[in-house]
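Have a look at work-v9.txt below; it lists compact mmCIF, C-alpha atoms.
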# COMPACT_ATOMS: atom_id res chain seq x y z
CA MET A 1 10.44 13.61 -20.04
CA ASP A 2 10.40 17.10 -18.53
CA PRO A 3 9.86 16.73 -14.75
CA HIS A 4 7.22 19.48 -14.75
CA ILE A 5 5.17 17.59 -17.34
CA THR A 6 5.70 14.34 -15.42
CA GLU A 7 4.49 15.94 -12.20
CA TRP A 8 1.28 17.23 -13.77
CA LEU A 9 0.66 13.96 -15.58
CA ASN A 10 1.06 12.22 -12.24
CA LEU A 11 -1.40 14.62 -10.61
CA ALA A 12 -4.02 14.40 -13.37
CA VAL A 13 -3.95 10.61 -13.71
CA ARG A 14 -3.81 10.05 -9.94
CA TRP A 15 -6.83 12.31 -9.47
CA ILE A 16 -8.77 10.45 -12.17
CA HIS A 17 -7.72 7.14 -10.60
CA MET A 18 -9.01 8.26 -7.23
CA ILE A 19 -12.35 9.53 -8.58
CA VAL A 20 -13.23 6.46 -10.63
CA GLY A 21 -11.82 4.17 -7.91
CA ILE A 22 -14.16 5.67 -5.33
CA ALA A 23 -17.07 5.15 -7.72
CA TRP A 24 -16.12 1.50 -8.29
CA ILE A 25 -15.44 0.69 -4.64
CA GLY A 26 -18.60 2.47 -3.52
CA ALA A 27 -20.74 0.46 -5.93
CA SER A 28 -19.04 -2.78 -4.89
CA PHE A 29 -19.55 -2.15 -1.18
CA TYR A 30 -23.14 -1.06 -1.69
CA PHE A 31 -24.24 -4.08 -3.71
CA VAL A 32 -22.61 -6.55 -1.33
CA TRP A 33 -24.36 -4.78 1.53
CA LEU A 34 -27.61 -4.89 -0.45
CA GLU A 35 -27.23 -8.63 -1.14
CA ASN A 36 -26.53 -9.35 2.51
CA ASN A 37 -29.44 -7.31 3.83
CA LEU A 38 -32.26 -8.49 1.57
CA ASN A 39 -35.38 -9.61 3.36
CA ARG A 40 -35.70 -13.20 2.16
CA VAL A 41 -38.70 -14.15 4.31
CA ASN A 42 -41.67 -15.09 2.10
CA PRO A 43 -40.53 -13.19 -0.98
CA LYS A 44 -42.90 -12.53 -3.84
CA THR A 45 -42.99 -15.02 -6.69
CA GLY A 46 -39.81 -14.86 -8.74
CA LEU A 47 -37.94 -12.73 -6.16
CA SER A 48 -34.99 -13.61 -3.94
CA GLY A 49 -35.91 -10.84 -1.54
CA ASP A 50 -36.44 -7.13 -1.13
CA LEU A 51 -35.24 -4.24 0.97
CA TRP A 52 -36.62 -0.93 2.19
CA ALA A 53 -34.14 1.91 2.80
CA ILE A 54 -34.13 5.61 3.52
CA HIS A 55 -31.44 7.99 2.29
CA GLY A 56 -31.18 11.62 1.32
CA GLY A 57 -34.72 12.45 2.39
CA GLY A 58 -36.36 9.65 0.38
CA ILE A 59 -37.56 6.08 0.91
CA TYR A 60 -36.51 3.37 -1.52
CA HIS A 61 -37.87 -0.10 -2.20
CA LEU A 62 -35.46 -2.47 -3.93
CA GLU A 63 -36.26 -5.96 -5.20
CA LYS A 64 -33.92 -8.69 -6.40
CA TYR A 65 -35.10 -11.36 -8.83
CA LYS A 66 -33.95 -14.96 -8.53
CA LEU A 67 -32.72 -14.70 -12.09
CA ALA A 68 -34.55 -12.00 -14.03
CA PRO A 69 -37.98 -10.39 -14.51
CA PRO A 70 -40.33 -11.86 -17.14
CA LYS A 71 -39.64 -8.82 -19.31
CA MET A 72 -36.59 -6.63 -19.42
CA PRO A 73 -37.10 -3.02 -18.28
CA GLU A 74 -36.61 -0.26 -20.82
CA ASN A 75 -33.79 1.34 -18.81
CA LEU A 76 -31.23 -0.94 -17.18
CA HIS A 77 -28.11 0.53 -15.56
CA TRP A 78 -24.83 -1.36 -15.98
CA PHE A 79 -21.88 -0.99 -13.59
CA LYS A 80 -18.71 -1.48 -15.59
CA TRP A 81 -17.05 1.75 -16.68
CA GLU A 82 -16.02 2.58 -13.12
CA ALA A 83 -13.98 -0.62 -13.00
CA TYR A 84 -12.48 -0.21 -16.46
CA PHE A 85 -11.36 3.37 -15.95
CA THR A 86 -9.95 2.58 -12.51
CA TRP A 87 -7.69 -0.07 -14.03
CA ILE A 88 -6.77 2.02 -17.10
CA SER A 89 -5.85 5.04 -14.99
CA GLY A 90 -3.95 2.81 -12.54
CA ILE A 91 -1.86 1.27 -15.33
CA CYS A 92 -1.15 4.75 -16.71
CA LEU A 93 0.01 5.81 -13.25
CA LEU A 94 2.21 2.72 -13.03
CA PHE A 95 3.95 3.74 -16.24
CA ILE A 96 4.26 7.42 -15.32
CA VAL A 97 5.66 6.91 -11.82
CA TYR A 98 7.47 3.58 -11.91
CA TYR A 99 8.31 2.75 -15.52
CA LEU A 100 9.43 6.19 -16.70
CA ASN A 101 11.64 6.41 -13.60
CA ALA A 102 12.50 2.74 -13.16
CA LYS A 103 15.99 3.34 -11.76
CA ILE A 104 14.62 5.65 -9.09
CA TYR A 105 11.36 4.01 -8.01
CA LEU A 106 11.23 0.46 -9.37
CA ILE A 107 14.60 -1.27 -9.33
CA ALA A 108 16.02 -2.31 -5.97
CA PRO A 109 18.95 -0.09 -4.86
CA GLY A 110 22.24 -1.56 -6.02
CA ALA A 111 20.60 -4.09 -8.33
CA ASP A 112 22.31 -4.61 -11.68
CA MET A 113 19.14 -4.61 -13.76
CA GLU A 114 18.17 -2.71 -16.86
CA PRO A 115 14.90 -0.73 -16.74
CA SER A 116 13.55 -2.70 -19.71
CA THR A 117 14.08 -5.96 -17.80
CA ALA A 118 12.38 -4.62 -14.69
CA ILE A 119 9.41 -3.35 -16.70
CA ALA A 120 9.10 -6.71 -18.48
CA ILE A 121 9.05 -8.49 -15.11
CA GLY A 122 6.37 -6.09 -13.85
CA ILE A 123 4.09 -6.52 -16.86
CA GLY A 124 4.68 -10.28 -16.86
CA ALA A 125 3.63 -10.43 -13.20
CA LEU A 126 0.30 -8.76 -14.02
CA VAL A 127 -0.46 -11.15 -16.87
CA ALA A 128 0.65 -14.23 -14.92
CA GLY A 129 -1.35 -13.13 -11.88
CA TRP A 130 -4.61 -13.00 -13.82
CA LEU A 131 -4.01 -16.27 -15.71
CA ILE A 132 -3.17 -18.22 -12.55
CA TYR A 133 -6.11 -16.74 -10.64
CA ASP A 134 -8.58 -17.44 -13.44
CA PHE A 135 -7.30 -21.01 -13.81
CA LEU A 136 -7.68 -21.70 -10.08
CA CYS A 137 -11.20 -20.27 -9.98
CA ASP A 138 -12.28 -22.46 -12.90
CA SER A 139 -10.67 -25.56 -11.39
CA SER A 140 -12.23 -27.85 -8.79
CA LEU A 141 -11.05 -25.35 -6.14
CA GLY A 142 -13.75 -22.98 -7.40
CA LYS A 143 -16.32 -25.18 -5.64
CA GLN A 144 -14.51 -24.82 -2.31
CA PRO A 145 -14.50 -21.06 -1.66
CA ALA A 146 -12.62 -21.16 1.66
CA LEU A 147 -9.82 -23.35 0.34
CA LEU A 148 -9.67 -21.33 -2.87
CA GLY A 149 -9.34 -18.14 -0.82
CA LEU A 150 -6.44 -19.62 1.17
CA VAL A 151 -4.62 -20.75 -1.96
CA LEU A 152 -5.09 -17.34 -3.59
CA PHE A 153 -3.81 -15.59 -0.47
CA LEU A 154 -0.69 -17.77 -0.36
CA GLY A 155 -0.16 -17.08 -4.06
CA LEU A 156 -0.25 -13.32 -3.50
CA VAL A 157 2.11 -13.61 -0.53
CA GLY A 158 4.47 -15.58 -2.76
CA ALA A 159 4.23 -12.87 -5.40
CA ALA A 160 5.00 -10.21 -2.77
CA TYR A 161 8.07 -12.13 -1.63
CA GLY A 162 9.33 -12.76 -5.16
CA LEU A 163 8.83 -9.18 -6.31
CA SER A 164 10.53 -7.83 -3.18
CA GLN A 165 13.67 -9.70 -4.21
CA VAL A 166 14.00 -7.83 -7.52
CA PHE A 167 12.17 -4.53 -6.96
CA SER A 168 12.40 -1.78 -4.40
CA GLY A 169 9.93 -2.06 -1.53
CA ARG A 170 7.66 0.51 -3.15
CA GLY A 171 7.97 -1.20 -6.52
CA ALA A 172 7.10 -4.60 -5.07
CA TYR A 173 4.09 -3.27 -3.15
CA ILE A 174 2.65 -1.38 -6.11
CA HIS A 175 2.97 -4.42 -8.37
CA VAL A 176 1.16 -6.64 -5.89
CA GLY A 177 -1.56 -3.99 -5.88
CA ALA A 178 -1.55 -3.93 -9.68
CA ILE A 179 -1.86 -7.74 -9.78
CA ILE A 180 -4.88 -7.57 -7.48
CA GLY A 181 -6.37 -4.68 -9.49
CA THR A 182 -5.89 -6.65 -12.72
CA ILE A 183 -7.62 -9.65 -11.16
CA MET A 184 -10.51 -7.46 -10.06
CA VAL A 185 -11.05 -5.78 -13.42
CA GLY A 186 -10.53 -9.13 -15.16
CA ASN A 187 -13.39 -10.49 -13.08
CA VAL A 188 -15.60 -7.67 -14.26
CA PHE A 189 -14.58 -7.87 -17.93
CA ARG A 190 -14.23 -11.63 -18.36
CA VAL A 191 -16.80 -13.07 -15.95
CA ILE A 192 -19.27 -10.66 -14.37
CA MET A 193 -20.20 -8.70 -17.48
CA PRO A 194 -20.51 -11.80 -19.76
CA ALA A 195 -22.75 -13.39 -17.12
CA GLN A 196 -24.95 -10.31 -17.03
CA ARG A 197 -25.09 -10.07 -20.82
CA GLY A 198 -26.04 -13.75 -21.00
CA LEU A 199 -28.82 -13.17 -18.51
CA VAL A 200 -30.23 -10.23 -20.44
CA LYS A 201 -29.99 -12.06 -23.77
CA ALA A 202 -31.83 -15.09 -22.40
CA ILE A 203 -34.68 -12.88 -21.24
CA GLU A 204 -34.85 -11.07 -24.56
CA GLU A 205 -34.98 -14.44 -26.37
CA ASN A 206 -37.69 -15.65 -23.99
CA ARG A 207 -35.73 -18.64 -22.69
CA GLU A 208 -34.70 -19.79 -19.23
CA PRO A 209 -31.40 -18.19 -18.15
CA ASP A 210 -28.50 -20.42 -17.17
CA PRO A 211 -28.16 -20.04 -13.37
CA GLU A 212 -24.49 -21.13 -13.40
CA LEU A 213 -23.17 -17.94 -15.01
CA PRO A 214 -24.78 -15.51 -12.49
CA ALA A 215 -23.54 -17.71 -9.64
CA LYS A 216 -20.02 -17.59 -11.05
CA GLY A 217 -20.27 -13.83 -11.43
CA LEU A 218 -21.45 -13.50 -7.82
CA LEU A 219 -18.42 -15.47 -6.58
CA ARG A 220 -16.01 -13.24 -8.50
CA SER A 221 -17.85 -10.16 -7.22
CA ARG A 222 -17.30 -11.34 -3.65
CA HIS A 223 -13.62 -11.86 -4.39
CA ASN A 224 -13.43 -8.26 -5.58
CA ASN A 225 -15.13 -7.11 -2.43
CA TYR A 226 -12.60 -8.78 -0.14
CA LEU A 227 -9.64 -7.67 -2.25
CA THR A 228 -10.63 -4.01 -2.09
CA LEU A 229 -9.18 -3.06 1.31
CA PRO A 230 -5.73 -4.59 0.68
CA VAL A 231 -5.60 -2.65 -2.61
CA LEU A 232 -6.56 0.57 -0.84
CA PHE A 233 -3.71 0.12 1.63
CA ILE A 234 -1.23 -0.49 -1.18
CA MET A 235 -2.42 2.72 -2.87
CA ILE A 236 -1.35 4.75 0.17
CA SER A 237 1.59 2.58 1.27
CA ASN A 238 4.27 4.77 -0.36
CA HIS A 239 3.66 7.27 2.45
CA PHE A 240 4.72 4.72 5.09
CA PRO A 241 8.35 3.59 4.70
CA SER A 242 8.22 1.47 7.88
CA THR A 243 6.08 -0.97 5.87
CA TYR A 244 7.61 -1.22 2.40
CA GLY A 245 11.06 -0.25 3.65
CA SER A 246 11.27 -3.08 6.17
CA GLU A 247 13.47 -6.12 5.63
CA TYR A 248 10.28 -8.17 5.98
CA ASN A 249 8.08 -5.92 3.86
CA TRP A 250 6.36 -8.87 2.16
CA LEU A 251 5.31 -10.32 5.53
CA ILE A 252 4.07 -6.93 6.70
CA LEU A 253 1.97 -6.66 3.55
CA ALA A 254 0.59 -10.16 4.16
CA GLY A 255 -0.34 -9.21 7.72
CA LEU A 256 -2.04 -5.99 6.69
CA ALA A 257 -3.96 -7.88 4.00
CA VAL A 258 -5.21 -10.39 6.58
CA PHE A 259 -6.34 -7.61 8.91
CA SER A 260 -8.10 -5.87 6.02
CA VAL A 261 -9.96 -9.04 5.06
CA LEU A 262 -10.98 -9.62 8.68
CA VAL A 263 -12.49 -6.15 8.90
CA ARG A 264 -14.23 -6.58 5.54
CA HIS A 265 -15.63 -9.95 6.66
CA TYR A 266 -17.19 -8.38 9.73
CA PHE A 267 -18.98 -5.76 7.65
CA ASN A 268 -20.08 -8.43 5.17
CA THR A 269 -21.59 -10.63 7.89
CA ARG A 270 -22.91 -8.30 10.59
CA HIS A 271 -26.42 -8.53 9.11
CA ASP A 272 -26.43 -12.13 10.34
CA GLY A 273 -25.46 -11.31 13.92
CA GLN A 274 -22.25 -10.38 15.72
CA LYS A 275 -20.50 -13.75 15.61
CA TYR A 276 -17.58 -12.20 13.71
CA ALA A 277 -17.35 -9.06 15.82
CA TRP A 278 -14.05 -10.41 17.18
CA THR A 279 -12.38 -9.77 13.84
CA VAL A 280 -12.27 -5.99 14.39
CA PRO A 281 -10.36 -5.99 17.71
CA VAL A 282 -8.10 -8.76 16.38
CA ALA A 283 -7.26 -6.60 13.36
CA ALA A 284 -6.62 -3.61 15.66
CA LEU A 285 -4.30 -5.66 17.89
CA GLY A 286 -2.57 -6.98 14.79
CA MET A 287 -1.88 -3.43 13.63
CA ILE A 288 -0.42 -2.56 17.04
CA ALA A 289 1.77 -5.68 16.91
CA LEU A 290 3.04 -4.73 13.44
CA ALA A 291 3.79 -1.21 14.65
CA PHE A 292 5.86 -2.73 17.47
CA VAL A 293 7.83 -5.29 15.47
CA THR A 294 8.65 -2.73 12.75
CA SER A 295 9.86 -0.17 15.29
CA PRO A 296 13.60 0.48 14.99
CA TYR A 297 13.72 0.51 18.78
CA ALA A 298 12.02 -2.85 19.33
CA ASN A 299 15.31 -4.76 19.48
CA GLN A 300 17.57 -1.93 20.58
CA PRO A 301 19.20 -1.72 24.02
CA SER A 302 17.47 0.66 26.41
CA THR A 303 20.65 2.70 26.95
CA PRO A 304 22.05 4.43 23.84
CA VAL A 305 25.60 3.47 23.00
CA THR A 306 27.88 6.52 22.82
CA ALA A 307 31.49 6.91 21.91
CA THR A 308 34.16 8.27 24.25
CA ALA A 309 36.23 11.28 23.32
CA PRO A 310 39.60 12.39 24.63
CA ALA A 311 39.34 15.16 27.20
CA SER A 312 40.98 17.59 24.79
CA GLN A 313 38.08 17.13 22.31
CA ALA A 314 35.26 17.52 24.81
CA PRO A 315 33.54 20.87 25.48
CA ALA A 316 34.95 22.73 28.47
CA SER A 317 31.89 22.13 30.63
CA HIS A 318 32.00 18.38 29.94
CA ALA A 319 35.71 18.26 30.61
CA ALA A 320 35.16 19.96 33.93
CA GLU A 321 32.51 17.42 34.86
CA SER A 322 34.68 14.49 33.85
CA THR A 323 37.52 15.60 36.17
CA ALA A 324 35.37 16.65 39.12
CA PRO A 325 35.60 14.57 42.32
CA ALA A 326 32.93 11.90 42.61
CA GLY A 327 31.60 13.38 45.82
CA GLU A 328 30.61 16.64 44.09
CA HIS A 329 28.22 14.83 41.75
CA GLY A 330 27.13 11.93 43.94
CA SER A 331 28.44 9.28 41.53
CA ALA A 332 31.60 7.92 40.01
CA THR A 333 33.23 9.84 37.20
CA GLN A 334 31.88 8.93 33.71
CA PRO A 335 33.74 9.50 30.43
CA ALA A 336 32.41 12.35 28.32
CA ALA A 337 30.32 11.41 25.27
CA ALA A 338 31.77 12.49 21.97
CA GLY A 339 29.40 14.67 19.98
CA ILE A 340 29.04 14.07 16.25
CA SER A 341 30.27 17.10 14.35
CA PHE A 342 27.49 18.73 12.32
CA ALA A 343 30.07 19.58 9.68
CA LYS A 344 30.42 15.85 8.91
CA VAL A 345 26.65 15.38 8.82
CA HIS A 346 26.24 18.42 6.61
CA GLU A 347 28.77 17.00 4.17
CA VAL A 348 26.85 13.71 3.99
CA ILE A 349 23.53 15.47 3.40
CA GLN A 350 25.00 17.68 0.69
CA ASN A 351 26.64 14.75 -1.09
CA ARG A 352 23.80 12.22 -0.79
CA CYS A 353 20.50 14.08 -0.38
CA THR A 354 20.45 17.54 -1.95
CA GLU A 355 20.66 16.20 -5.48
CA CYS A 356 16.88 15.90 -5.08
CA HIS A 357 16.05 17.65 -1.79
CA SER A 358 17.10 21.15 -2.74
CA ALA A 359 15.40 24.36 -3.79
CA THR A 360 17.11 23.71 -7.14
CA PRO A 361 17.44 19.91 -7.59
CA THR A 362 20.18 18.75 -9.93
CA ASN A 363 18.52 15.36 -10.53
CA ALA A 364 16.82 15.56 -13.93
CA ALA A 365 13.78 13.65 -12.64
CA PHE A 366 12.72 16.43 -10.26
CA ARG A 367 11.94 20.06 -10.85
CA THR A 368 11.06 20.64 -7.22
CA ALA A 369 12.10 18.81 -4.07
CA PRO A 370 10.11 15.58 -3.47
CA ALA A 371 7.44 16.06 -0.79
CA GLY A 372 8.65 19.66 -0.45
CA VAL A 373 11.59 18.56 1.74
CA ILE A 374 14.53 20.96 1.21
CA LEU A 375 17.87 20.33 2.93
CA ASP A 376 20.01 23.21 1.72
CA THR A 377 20.63 25.01 5.00
CA PRO A 378 21.65 23.73 8.45
CA GLU A 379 18.32 24.90 9.85
CA GLU A 380 16.38 22.93 7.21
CA ILE A 381 18.43 19.82 7.96
CA GLN A 382 17.78 20.19 11.69
CA THR A 383 14.03 20.74 11.17
CA ASN A 384 13.76 17.63 9.00
CA ALA A 385 16.03 15.48 11.18
CA PRO A 386 13.24 13.06 12.27
CA ARG A 387 12.21 12.51 8.64
CA ILE A 388 15.82 11.97 7.59
CA VAL A 389 16.25 9.31 10.27
CA ALA A 390 13.02 7.53 9.36
CA GLN A 391 13.75 7.43 5.64
CA ALA A 392 17.54 7.25 5.36
CA VAL A 393 18.65 5.58 8.60
CA GLN A 394 15.90 3.31 9.90
CA THR A 395 14.29 2.04 6.68
CA LYS A 396 17.01 3.07 4.19
CA VAL A 397 14.44 3.84 1.47
CA MET A 398 16.20 7.12 0.80
CA PRO A 399 17.99 8.19 -1.30
CA LEU A 400 15.60 6.85 -3.94
CA GLY A 401 17.21 3.85 -5.57
CA ASN A 402 20.31 4.86 -3.55
CA LEU A 403 21.44 6.64 -6.70
CA THR A 404 23.91 8.73 -4.69
CA GLN A 405 25.45 5.62 -3.07
CA MET A 406 24.89 6.57 0.57
CA THR A 407 26.88 4.13 2.72
CA ASP A 408 25.83 2.37 5.92
CA GLU A 409 28.56 4.26 7.78
CA GLU A 410 27.09 7.58 6.62
CA ARG A 411 23.61 6.50 7.66
CA ALA A 412 24.91 5.52 11.10
CA LEU A 413 26.68 8.88 11.42
CA VAL A 414 23.48 10.80 10.72
CA GLY A 415 21.53 8.56 13.11
CA LYS A 416 23.99 9.17 15.97
CA TRP A 417 23.93 12.91 15.32
CA VAL A 418 20.15 13.00 15.67
CA GLN A 419 20.29 10.68 18.69
CA GLN A 420 22.64 13.15 20.38
CA GLY A 421 20.28 16.08 19.85
CA ALA A 422 20.76 17.15 16.21
CA LEU A 423 22.89 20.12 17.29
CA LEU A 424 24.27 22.56 14.72
CA GLN A 425 27.82 22.52 16.07
Whole structure given in structure tokens:
Amino acid sequence: MDPHITEWLNLAVRWIHMIVGIAWIGASFYFVWLENNLNRVNPKTGLSGDLWAIHGGGIYHLEKYKLAPPKMPENLHWFKWEAYFTWISGICLLFIVYYLNAKIYLIAPGADMEPSTAIAIGIGALVAGWLIYDFLCDSSLGKQPALLGLVLFLGLVGAAYGLSQVFSGRGAYIHVGAIIGTIMVGNVFRVIMPAQRGLVKAIEENREPDPELPAKGLLRSRHNNYLTLPVLFIMISNHFPSTYGSEYNWLILAGLAVFSVLVRHYFNTRHDGQKYAWTVPVAALGMIALAFVTSPYANQPSTPVTATAPASQAPASHAAESTAPAGEHGSATQPAAAGISFAKVHEVIQNRCTECHSATPTNAAFRTAPAGVILDTPEEIQTNAPRIVAQAVQTKVMPLGNLTQMTDEERALVGKWVQQGALLQ
């Protein structure tokens, strides 16, 4: 497909996905907050509780029935299309970004896998994720919410690990997010909405509603609520290569999911006191710990290792210093550090990076340079040196899919050049 068309399809669908996703997440957060903040002291007959609120210059009074009112209101608003369109637009985005460009974004660099095989694995993971989740919820575990939550978490961590073995880091992350999104919309379509329709039908037929279905729908709704923040992180994760590009990307994702759930749990329980206030600082400390352990400098020696050059190859000033008497400098003579020639670095960048990162990319998948990063001139390479190190040296997520076969030796060369000052000489 023409890269210009692909880019605008990506933009349009991503924008739609964001709009409807905000609507769905906002409704989910609001109704969980509403449920948790109902005044349940001496409610009126037939009510679970009520709540008074002020917003936008008006005062609202909301009431929740134990099951349903004696007679259905003429106008009843249903919350479903936000969820459906979020999932539909997300799946479209998955196809546009990852499946139409499987070799670039989906398949792990160097993997001998056909795009059709990778796509089949991705779609199979979504289907299997929902079926396993639904089975577990309907099993005896469904009556033990805490244990069920632990089992589901371990299942998703297992999925993250398995997918990271066959997909690129970005591909694995986005498919874990798609599994969670499929579970969430499956809850709405297969459980929550049928429960609500059953409730309305019972009232219209003037019979007692079955309390089991609404209770089941409430459980699935709470699952959706806790799954929301991990999904939101995954949606933005492709901007942070230190997460998906790490050797332990699946563990990093698991940690970030735990921290997200801790924060969500605090907001879900703060109406009942501050006994879970500790979850917020724990999540913050956890983020700091992840930032440390993923740092490329965490396990590096404090003194950079530099090579030694023959005196004939060192700049004149360095050569003079290396032969000067120790007394003139106050210390013993040290060998001069060999500078990495920019000409060698420039050759690597031109051979491995500018196929995409150029004012005129030659890669058919791109009409313009990804993220606007152009590396045609020495000055552009020098300006973008920190980004090159982060993406091509430290995390090795670039080149995409390593289509240009950048070697570890070339990555090390670029890294040493930047470490020595990224000089254009």
> Leaving out region 97-114 of chain A and any residue of its chain fewer than 3 positions from it, which residues lie within 8 Å of it when counting all atoms listed in the file, given as a PyMOL selection string?
Replying inline: chain A and resi 10+93-94+117-119+165-172+365+400-403
Give as a PDB file with C-alpha atoms, in the coordinates of the input every residue, naming chains and numbers as the document does, that has an atom within 12 Å of (-33.6, 1.7, 0.6), counting only C-alpha atoms.
ATOM      1  CA  TYR A  30     -23.140  -1.060  -1.690  1.00  0.00           C
ATOM      2  CA  PHE A  31     -24.240  -4.080  -3.710  1.00  0.00           C
ATOM      3  CA  TRP A  33     -24.360  -4.780   1.530  1.00  0.00           C
ATOM      4  CA  LEU A  34     -27.610  -4.890  -0.450  1.00  0.00           C
ATOM      5  CA  ASN A  37     -29.440  -7.310   3.830  1.00  0.00           C
ATOM      6  CA  LEU A  38     -32.260  -8.490   1.570  1.00  0.00           C
ATOM      7  CA  ASN A  39     -35.380  -9.610   3.360  1.00  0.00           C
ATOM      8  CA  ASP A  50     -36.440  -7.130  -1.130  1.00  0.00           C
ATOM      9  CA  LEU A  51     -35.240  -4.240   0.970  1.00  0.00           C
ATOM     10  CA  TRP A  52     -36.620  -0.930   2.190  1.00  0.00           C
ATOM     11  CA  ALA A  53     -34.140   1.910   2.800  1.00  0.00           C
ATOM     12  CA  ILE A  54     -34.130   5.610   3.520  1.00  0.00           C
ATOM     13  CA  HIS A  55     -31.440   7.990   2.290  1.00  0.00           C
ATOM     14  CA  GLY A  56     -31.180  11.620   1.320  1.00  0.00           C
ATOM     15  CA  GLY A  57     -34.720  12.450   2.390  1.00  0.00           C
ATOM     16  CA  GLY A  58     -36.360   9.650   0.380  1.00  0.00           C
ATOM     17  CA  ILE A  59     -37.560   6.080   0.910  1.00  0.00           C
ATOM     18  CA  TYR A  60     -36.510   3.370  -1.520  1.00  0.00           C
ATOM     19  CA  HIS A  61     -37.870  -0.100  -2.200  1.00  0.00           C
ATOM     20  CA  LEU A  62     -35.460  -2.470  -3.930  1.00  0.00           C
ATOM     21  CA  GLU A  63     -36.260  -5.960  -5.200  1.00  0.00           C
TER      22      GLU A  63
END
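Across A:Ala128, A:Met235, A:Cys353, A:Leu154, the tightest approach to Asp376 (chain A) is made by A:Cys353 when counting only C-alpha atoms.
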Show me a table, sorted first by chain and then by increasing residue number, of the residues of region 101-165 of chain A having an atom at most 12 Å from region 213-218 of chain A, each with its shortest atom pair and the distance in Å to one decimal, counting all atoms listed in the file and written as a tab-separated table.
residue	atom	partner	partner_atom	distance
A:Asp134	CA	A:Lys216	CA	11.7
A:Cys137	CA	A:Lys216	CA	9.3
A:Asp138	CA	A:Lys216	CA	9.3
A:Gly142	CA	A:Lys216	CA	9.0
A:Lys143	CA	A:Lys216	CA	10.0
A:Pro145	CA	A:Lys216	CA	11.4
>> At a cut-off of 8 Å, using only C-alpha atoms, what residues contact Val389 (chain A)? Leave out same-chain residues fewer than 4 positions from it and give the result as a PyMOL selection string.
In response: chain A and resi 385+393-394+414-415+418
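Counting only C-alpha atoms and comparing A:Thr395, A:Phe366, A:Gln419, A:Gly124, the residue that lies closest to Glu247 (chain A) is A:Thr395.
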> Can you list, as a ChimeraX atom specification, every protein, DNA or RNA residue that comes within 12 Å of region 378-382 of chain A when you count all atoms listed in the file, leaving out same-chain residues fewer than 6 positions away?
Replying inline: /A:342-350,353-354,357-359,372,388-389,414,417-418,421-425
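Comparing the minimum interatomic distances between Ala254 (chain A) and each of A:Leu156, A:Leu141, A:Ile203, A:Leu229, counting all atoms listed in the file, we find that A:Leu156 sits nearest.
Across the model, the gap from CA of Arg222 (chain A) to CA of Leu76 (chain A) is 22.0 Å.
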>> Using Å and a single decimal, report how far CA of Asn224 (chain A) sits from CA of Ile132 (chain A).
In response: 15.9 Å
Find the residues around Ala291 (chain A) up to 12 Å (only C-alpha atoms counted), leave out those fewer than 5 positions away in its own chain, and share them as a PDB file with C-alpha atoms, keeping the file's coordinate frame.
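Resulting contents of result.pdb:
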ATOM      1  CA  PHE A 240       4.720   4.720   5.090  1.00  0.00           C
ATOM      2  CA  PRO A 241       8.350   3.590   4.700  1.00  0.00           C
ATOM      3  CA  SER A 242       8.220   1.470   7.880  1.00  0.00           C
ATOM      4  CA  THR A 243       6.080  -0.970   5.870  1.00  0.00           C
ATOM      5  CA  SER A 246      11.270  -3.080   6.170  1.00  0.00           C
ATOM      6  CA  ILE A 252       4.070  -6.930   6.700  1.00  0.00           C
ATOM      7  CA  GLY A 255      -0.340  -9.210   7.720  1.00  0.00           C
ATOM      8  CA  LEU A 256      -2.040  -5.990   6.690  1.00  0.00           C
ATOM      9  CA  ALA A 284      -6.620  -3.610  15.660  1.00  0.00           C
ATOM     10  CA  LEU A 285      -4.300  -5.660  17.890  1.00  0.00           C
ATOM     11  CA  GLY A 286      -2.570  -6.980  14.790  1.00  0.00           C
ATOM     12  CA  PRO A 296      13.600   0.480  14.990  1.00  0.00           C
ATOM     13  CA  TYR A 297      13.720   0.510  18.780  1.00  0.00           C
ATOM     14  CA  ALA A 298      12.020  -2.850  19.330  1.00  0.00           C
TER      15      ALA A 298
END
> Neighbours of Ile236 (chain A) within 12 Å (all atoms listed in the file; same-chain residues fewer than 6 positions away dropped), as a PyMOL selection string?
Replying inline: chain A and resi 14+18+170+173-174+177+229-230+243-244
Residue rebuild result region 92-97 of chain A, N, CA and C atoms as a JSON list (two decimals), keeping the file's coordinate frame:
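rebuild12.json written:
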[["chain", "number", "residue", "atom", "x", "y", "z"],
["A", 92, "CYS", "N", -1.82, 3.52, -16.26],
["A", 92, "CYS", "CA", -1.15, 4.75, -16.71],
["A", 92, "CYS", "C", -0.26, 5.31, -15.62],
["A", 93, "LEU", "N", -0.76, 5.30, -14.39],
["A", 93, "LEU", "CA", 0.01, 5.81, -13.25],
["A", 93, "LEU", "C", 1.23, 4.93, -13.01],
["A", 94, "LEU", "N", 1.08, 3.63, -13.18],
["A", 94, "LEU", "CA", 2.21, 2.72, -13.03],
["A", 94, "LEU", "C", 3.33, 3.07, -14.01],
["A", 95, "PHE", "N", 2.96, 3.37, -15.24],
["A", 95, "PHE", "CA", 3.95, 3.74, -16.24],
["A", 95, "PHE", "C", 4.58, 5.09, -15.92],
["A", 96, "ILE", "N", 3.75, 6.07, -15.56],
["A", 96, "ILE", "CA", 4.26, 7.42, -15.32],
["A", 96, "ILE", "C", 5.23, 7.46, -14.15],
["A", 97, "VAL", "N", 4.85, 6.82, -13.04],
["A", 97, "VAL", "CA", 5.66, 6.91, -11.82],
["A", 97, "VAL", "C", 6.80, 5.90, -11.81]]
